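So the structure is just underneath, and the comments pick up after that.
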Amino acid sequence: MLRGAAARESVELGQMLTRLYIDNFRCFVNFEHRPARKQLILGPNGSGKSSFLDALFFLRQFAAAGRVLDDFFILSERTRWLGQPKQVWEIEAALGGAGYVYHLEIEPWLDPPRPRVLSETVHFEGKPIFEFKSGEVHLYNDRFEQTVTYGFDWHRSALATIMPGRDHRTLDDFQIWLGGLLCFRINPFAMGSRAEGESLSPKIDLSNIAAWYRHLVQADPKQNAAMLHSLRGCLDGFSFLGLEPVGENVRLLVAEFDDGAGRTSRFTFKELSDGQRCLICLYTLLHFVLAKGYTVILDEPDNFVSLRELQPWLMAVADVVEEGQGQVLLISHHPEFINQWAPKSGVQFVREGIGHVRVERFRGDPDSSLPPSELVARGWERE
């Protein structure tokens with residue numbers, strides 16, 4: 001999951017995404033959002049909530065994971081009514097008290113058109129530390145002196161290819177943070193029990209949870225113990241989660257449950273209910289991602305999980321984030337999420353018809369006797 005993880009096993013506390021700008025991507029036109037450390041994103045269907053997650057996921061996959069632009073069909077994602085060729089993304093992050101800005105411009109090229117990088121840059125406190133323009137990379141050291149210049153492929157991220165180095169640790173810090181910007185749309189139907197090796201990074205739907213957990217438990221057994229303790233407190237009868245050998249380099253993710261009378265039953269992860277699988281994934285994110293200071297964006301985390309089991313997780317997330325560890329953006333329509341988070345930590349995505357998206361703070365009505373979720377249900381939250 002991390003670049004340069006051997007040198008820094010976790011990020012410094014207090015790091016977070018502070019701004020996202022998108023232009024000419026789906027329903028985003030000159031869109032700007034400045035997220036808080038803890039935030040609930042509300043809005044009706046079609047207001048751009050899932051597209052917001054997809055935009056961040058694209059940036060992470062492109063600029064951190066190194067995926068080629070052609071893999072994304074990004075030109076077909078341009079805003080239909082604009083008719084302009086160039087697409088722009090910009091991320092701002094506060095890392096260790098300093099400000100970073102990542103800027104990306106994509107344009108069509110040739111006929112039939114292919115997407116290519118017109119410009120990709122990283123600035124630290126207003127000074128360039130990485131530039132990729134017109135097919136040429138310029139790399140700067142920590143004294144902001146240009147050290148390397150070379151040509152590069154216009155169709156992929158040059159930033160994703162920069163390896164950690166002693167003379168550009170400022171850039172390394174941003175790469176580590178960007179690699180920990182994780183987006184999730186959990187899908188229990190896609191999850192299996194087999195881990196044929198270790199996955200260093202999770203997939204957006206957590207379909208590789210077994211292989212990712214195999215990596216996590218090896219990398220940080222202390223956090224694994226904390227996660228198992230949390231699961232015992234919220235998942236009825238749960239006693240243990242482990243990886244069982246079933247062949248050469250193959251492991252099965254297995255959960256143990258106690259019936260209260262001294263009898264233990266073992267189930268493969270695939271045999272668990274959809275809600276149990278999702279809850280285990282949510283606590284995995286809490287202990288192995290948020291507790292280490294990373295940024296997590298979750299689309300509808302309340303799916304499949306009962307409120308009685310979800311409530312302790314939501315409270316634990318709030319505690320971790322409010323202590324300055326990690327950043328969480330939740331996209332949800334769940335009444336309990338709305339009632340707890342919307343008044344102080346809620347924003348709404350607003351869209352008139354098929355026009356562009358804008359962001360508003362959740363207003364609600366402090367004088368109303370109705371809870372925020374009921375105001376939303378009646379459409380009165382913006383009145």
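Identifiers in the structure tokens: chain A, B, ... in order shown; residue index from 1 per chain; ligand index from 1 in order shown.
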- Would you list the contacts of Gln87 in chain A as a VMD selection string, taking every protein, DNA or RNA residue within 10 Å and counting only C-alpha atoms, but skipping same-chain residues closer than 2 positions in sequence? chain A and resid 22 to 25 29 74 to 75 77 to 79 84 to 85 89 104 to 108 115 117 to 118
Create the file for the chosen residues now, containing C-alpha atoms and written as an mmCIF file, in the first residue's frame.
data_model
loop_
_atom_site.group_PDB
_atom_site.id
_atom_site.type_symbol
_atom_site.label_atom_id
_atom_site.label_comp_id
_atom_site.auth_asym_id
_atom_site.auth_seq_id
_atom_site.Cartn_x
_atom_site.Cartn_y
_atom_site.Cartn_z
ATOM 1 C CA ILE A 22 -12.238 18.935 -10.777
ATOM 2 C CA ASP A 23 -13.153 20.405 -14.136
ATOM 3 C CA ASN A 24 -14.730 18.581 -17.085
ATOM 4 C CA PHE A 25 -15.282 15.185 -15.465
ATOM 5 C CA VAL A 29 -17.392 21.736 -13.766
ATOM 6 C CA ILE A 74 -11.175 9.032 -19.357
ATOM 7 C CA LEU A 75 -12.101 11.007 -22.488
ATOM 8 C CA GLU A 77 -15.996 10.849 -18.907
ATOM 9 C CA ARG A 78 -15.828 14.466 -20.047
ATOM 10 C CA THR A 79 -18.804 16.668 -19.160
ATOM 11 C CA GLN A 84 -14.134 21.318 -24.277
ATOM 12 C CA PRO A 85 -11.197 18.920 -24.668
ATOM 13 C CA TRP A 89 -7.742 17.712 -11.456
ATOM 14 C CA LEU A 104 -3.023 17.176 -13.505
ATOM 15 C CA GLU A 105 -4.207 18.192 -16.972
ATOM 16 C CA ILE A 106 -5.290 15.662 -19.603
ATOM 17 C CA GLU A 107 -6.018 16.346 -23.263
ATOM 18 C CA PRO A 108 -7.032 14.275 -26.325
ATOM 19 C CA PRO A 115 -5.760 10.763 -23.692
ATOM 20 C CA VAL A 117 -0.842 14.092 -19.952
ATOM 21 C CA LEU A 118 -0.482 17.732 -20.833
#
- Looking only at the backbone, which of the residues in range 100-317 of chain A does DSSP tag as strand (DSSP E or B), as a ChimeraX atom specification? /A:100-109,114-124,127-133,136-140,146-151,181-184,194-195,238-247,250-258,264-268,295-299
- Task: Determine the nearest neighbour of Ser345 in chain A from the options A:Leu241, A:Leu171, A:Leu178, A:Ile331, counting only C-alpha atoms.
- Result: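 Residue with the minimum atom-to-atom distance to Ser345 in chain A: A:Ile331.
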- Message: So that I can see what lies close to Phe132 in chain A, please list as a ChimeraX atom specification the residues with an atom at most 12 Å from it, counting only C-alpha atoms and leaving out residues fewer than 6 positions away in the same chain.
- Response: /A:63,102-106,116-123,138-140,148-162
- Extract, using only C-alpha atoms, all DNA, RNA and protein residues at most 9 Å from Val101 in chain A, discarding same-chain residues fewer than 6 positions from it, and format them as a PyMOL selection string. chain A and resi 90-93+121-126
Take the residues that were just selected and, keeping all heavy atoms, output them as a PDB file, in the first residue's frame.
ATOM      1  N   GLU A  90      -7.048  18.737  -9.387  1.00  0.00           N
ATOM      2  CA  GLU A  90      -6.068  19.310  -8.473  1.00  0.00           C
ATOM      3  C   GLU A  90      -6.378  18.846  -7.062  1.00  0.00           C
ATOM      4  O   GLU A  90      -7.536  18.893  -6.627  1.00  0.00           O
ATOM      5  CB  GLU A  90      -6.082  20.841  -8.550  1.00  0.00           C
ATOM      6  CG  GLU A  90      -4.854  21.497  -7.944  1.00  0.00           C
ATOM      7  CD  GLU A  90      -4.741  22.962  -8.350  1.00  0.00           C
ATOM      8  OE1 GLU A  90      -4.148  23.241  -9.414  1.00  0.00           O
ATOM      9  OE2 GLU A  90      -5.271  23.810  -7.606  1.00  0.00           O
ATOM     10  N   ILE A  91      -5.348  18.384  -6.394  1.00  0.00           N
ATOM     11  CA  ILE A  91      -5.460  17.940  -4.999  1.00  0.00           C
ATOM     12  C   ILE A  91      -4.552  18.793  -4.139  1.00  0.00           C
ATOM     13  O   ILE A  91      -3.404  19.049  -4.504  1.00  0.00           O
ATOM     14  CB  ILE A  91      -5.044  16.464  -4.849  1.00  0.00           C
ATOM     15  CG1 ILE A  91      -6.189  15.531  -5.249  1.00  0.00           C
ATOM     16  CG2 ILE A  91      -4.648  16.143  -3.417  1.00  0.00           C
ATOM     17  CD1 ILE A  91      -5.837  14.065  -5.076  1.00  0.00           C
ATOM     18  N   GLU A  92      -5.068  19.229  -3.000  1.00  0.00           N
ATOM     19  CA  GLU A  92      -4.233  19.879  -1.990  1.00  0.00           C
ATOM     20  C   GLU A  92      -4.258  19.015  -0.729  1.00  0.00           C
ATOM     21  O   GLU A  92      -5.300  18.478  -0.351  1.00  0.00           O
ATOM     22  CB  GLU A  92      -4.731  21.284  -1.676  1.00  0.00           C
ATOM     23  CG  GLU A  92      -4.565  22.263  -2.833  1.00  0.00           C
ATOM     24  CD  GLU A  92      -4.955  23.678  -2.471  1.00  0.00           C
ATOM     25  OE1 GLU A  92      -5.013  23.984  -1.250  1.00  0.00           O
ATOM     26  OE2 GLU A  92      -5.203  24.475  -3.390  1.00  0.00           O
ATOM     27  N   ALA A  93      -3.103  18.886  -0.113  1.00  0.00           N
ATOM     28  CA  ALA A  93      -2.990  18.090   1.104  1.00  0.00           C
ATOM     29  C   ALA A  93      -2.124  18.816   2.113  1.00  0.00           C
ATOM     30  O   ALA A  93      -1.149  19.486   1.748  1.00  0.00           O
ATOM     31  CB  ALA A  93      -2.394  16.715   0.795  1.00  0.00           C
ATOM     32  N   THR A 121       2.120  18.107 -12.076  1.00  0.00           N
ATOM     33  CA  THR A 121       3.084  18.799 -11.218  1.00  0.00           C
ATOM     34  C   THR A 121       2.755  18.580  -9.753  1.00  0.00           C
ATOM     35  O   THR A 121       1.607  18.330  -9.378  1.00  0.00           O
ATOM     36  CB  THR A 121       3.105  20.319 -11.494  1.00  0.00           C
ATOM     37  OG1 THR A 121       1.822  20.876 -11.177  1.00  0.00           O
ATOM     38  CG2 THR A 121       3.423  20.612 -12.952  1.00  0.00           C
ATOM     39  N   VAL A 122       3.795  18.701  -8.911  1.00  0.00           N
ATOM     40  CA  VAL A 122       3.630  18.732  -7.458  1.00  0.00           C
ATOM     41  C   VAL A 122       4.399  19.937  -6.933  1.00  0.00           C
ATOM     42  O   VAL A 122       5.586  20.104  -7.246  1.00  0.00           O
ATOM     43  CB  VAL A 122       4.154  17.449  -6.783  1.00  0.00           C
ATOM     44  CG1 VAL A 122       3.947  17.529  -5.261  1.00  0.00           C
ATOM     45  CG2 VAL A 122       3.464  16.211  -7.334  1.00  0.00           C
ATOM     46  N   HIS A 123       3.712  20.756  -6.143  1.00  0.00           N
ATOM     47  CA  HIS A 123       4.346  21.907  -5.498  1.00  0.00           C
ATOM     48  C   HIS A 123       4.280  21.743  -3.982  1.00  0.00           C
ATOM     49  O   HIS A 123       3.294  21.232  -3.440  1.00  0.00           O
ATOM     50  CB  HIS A 123       3.654  23.209  -5.901  1.00  0.00           C
ATOM     51  CG  HIS A 123       4.001  23.671  -7.281  1.00  0.00           C
ATOM     52  ND1 HIS A 123       3.536  23.049  -8.420  1.00  0.00           N
ATOM     53  CD2 HIS A 123       4.782  24.708  -7.710  1.00  0.00           C
ATOM     54  CE1 HIS A 123       3.999  23.677  -9.490  1.00  0.00           C
ATOM     55  NE2 HIS A 123       4.761  24.678  -9.090  1.00  0.00           N
ATOM     56  N   PHE A 124       5.332  22.167  -3.320  1.00  0.00           N
ATOM     57  CA  PHE A 124       5.426  22.137  -1.868  1.00  0.00           C
ATOM     58  C   PHE A 124       5.592  23.562  -1.369  1.00  0.00           C
ATOM     59  O   PHE A 124       6.570  24.233  -1.714  1.00  0.00           O
ATOM     60  CB  PHE A 124       6.620  21.277  -1.446  1.00  0.00           C
ATOM     61  CG  PHE A 124       6.918  21.316   0.023  1.00  0.00           C
ATOM     62  CD1 PHE A 124       6.164  20.580   0.919  1.00  0.00           C
ATOM     63  CD2 PHE A 124       7.967  22.089   0.522  1.00  0.00           C
ATOM     64  CE1 PHE A 124       6.445  20.604   2.286  1.00  0.00           C
ATOM     65  CE2 PHE A 124       8.252  22.123   1.878  1.00  0.00           C
ATOM     66  CZ  PHE A 124       7.486  21.379   2.766  1.00  0.00           C
ATOM     67  N   GLU A 125       4.609  24.039  -0.616  1.00  0.00           N
ATOM     68  CA  GLU A 125       4.640  25.416  -0.133  1.00  0.00           C
ATOM     69  C   GLU A 125       4.890  26.402  -1.279  1.00  0.00           C
ATOM     70  O   GLU A 125       5.672  27.353  -1.143  1.00  0.00           O
ATOM     71  CB  GLU A 125       5.704  25.577   0.955  1.00  0.00           C
ATOM     72  CG  GLU A 125       5.393  24.786   2.231  1.00  0.00           C
ATOM     73  CD  GLU A 125       4.217  25.365   2.995  1.00  0.00           C
ATOM     74  OE1 GLU A 125       4.381  26.388   3.669  1.00  0.00           O
ATOM     75  OE2 GLU A 125       3.110  24.778   2.915  1.00  0.00           O
ATOM     76  N   GLY A 126       4.255  26.138  -2.410  1.00  0.00           N
ATOM     77  CA  GLY A 126       4.336  27.035  -3.555  1.00  0.00           C
ATOM     78  C   GLY A 126       5.547  26.846  -4.451  1.00  0.00           C
ATOM     79  O   GLY A 126       5.666  27.521  -5.481  1.00  0.00           O
TER      80      GLY A 126
END
Write out as a short mmCIF file (atom, residue, chain, number, x, y, z; two decimals) with N, CA and C atoms, in the first residue's frame which residues come within 9 Å of Phe189 in chain A when counting only C-alpha atoms, dropping same-chain ones fewer than 4 positions away.
data_model
loop_
_atom_site.label_atom_id
_atom_site.label_comp_id
_atom_site.auth_asym_id
_atom_site.auth_seq_id
_atom_site.Cartn_x
_atom_site.Cartn_y
_atom_site.Cartn_z
N SER A 207 -12.63 -6.94 -2.85
CA SER A 207 -12.75 -8.32 -3.31
C SER A 207 -11.48 -9.12 -2.99
N LYS A 270 -15.96 -16.76 3.01
CA LYS A 270 -17.05 -16.80 2.03
C LYS A 270 -18.33 -17.34 2.64
N ASP A 274 -23.31 -11.71 4.48
CA ASP A 274 -22.85 -10.48 3.84
C ASP A 274 -22.53 -9.41 4.88
#
Residues of range 251-327 of chain A that have any atom at most 10 Å from an atom of range 34-42 of chain A: could you tabulate them with the shortest-distance atom pair and the distance in Å to one decimal, using only C-alpha atoms, ordered by chain and increasing number, as JSON lines?
{"residue": "A:Thr295", "atom": "CA", "partner": "A:Arg37", "partner_atom": "CA", "distance": 8.6}
{"residue": "A:Ile297", "atom": "CA", "partner": "A:Gln39", "partner_atom": "CA", "distance": 9.6}
{"residue": "A:Leu298", "atom": "CA", "partner": "A:Leu40", "partner_atom": "CA", "distance": 9.8}
{"residue": "A:Asp299", "atom": "CA", "partner": "A:Ile41", "partner_atom": "CA", "distance": 9.3}
{"residue": "A:Val317", "atom": "CA", "partner": "A:Lys38", "partner_atom": "CA", "distance": 9.0}
{"residue": "A:Ala318", "atom": "CA", "partner": "A:Lys38", "partner_atom": "CA", "distance": 7.4}
{"residue": "A:Val321", "atom": "CA", "partner": "A:Lys38", "partner_atom": "CA", "distance": 6.6}
{"residue": "A:Glu322", "atom": "CA", "partner": "A:Lys38", "partner_atom": "CA", "distance": 7.7}
{"residue": "A:Gly324", "atom": "CA", "partner": "A:Arg37", "partner_atom": "CA", "distance": 8.2}
{"residue": "A:Gln325", "atom": "CA", "partner": "A:Arg37", "partner_atom": "CA", "distance": 9.2}
{"residue": "A:Gly326", "atom": "CA", "partner": "A:Arg37", "partner_atom": "CA", "distance": 7.5}
{"residue": "A:Gln327", "atom": "CA", "partner": "A:Arg37", "partner_atom": "CA", "distance": 4.7}
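The gap separating CA of Ala291 in chain A from CA of Val328 in chain A is 10.9 Å, in Å to one decimal.
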- Could you give me, as a ChimeraX atom specification, each residue of range 63-293 of chain A that DSSP assigns to helix (DSSP H, G or I) when run on this structure's backbone? /A:63,69-72,74-77,159-161,169-179,188-190,209-219,221-234,269-271,274-288,290-292
- Message: For Gly43 in chain A, find every residue with an atom within 8 Å (counting only C-alpha atoms), except residues of its own chain fewer than 5 positions away, and show them as a VMD selection string.
- Response: chain A and resid 49 348 to 350
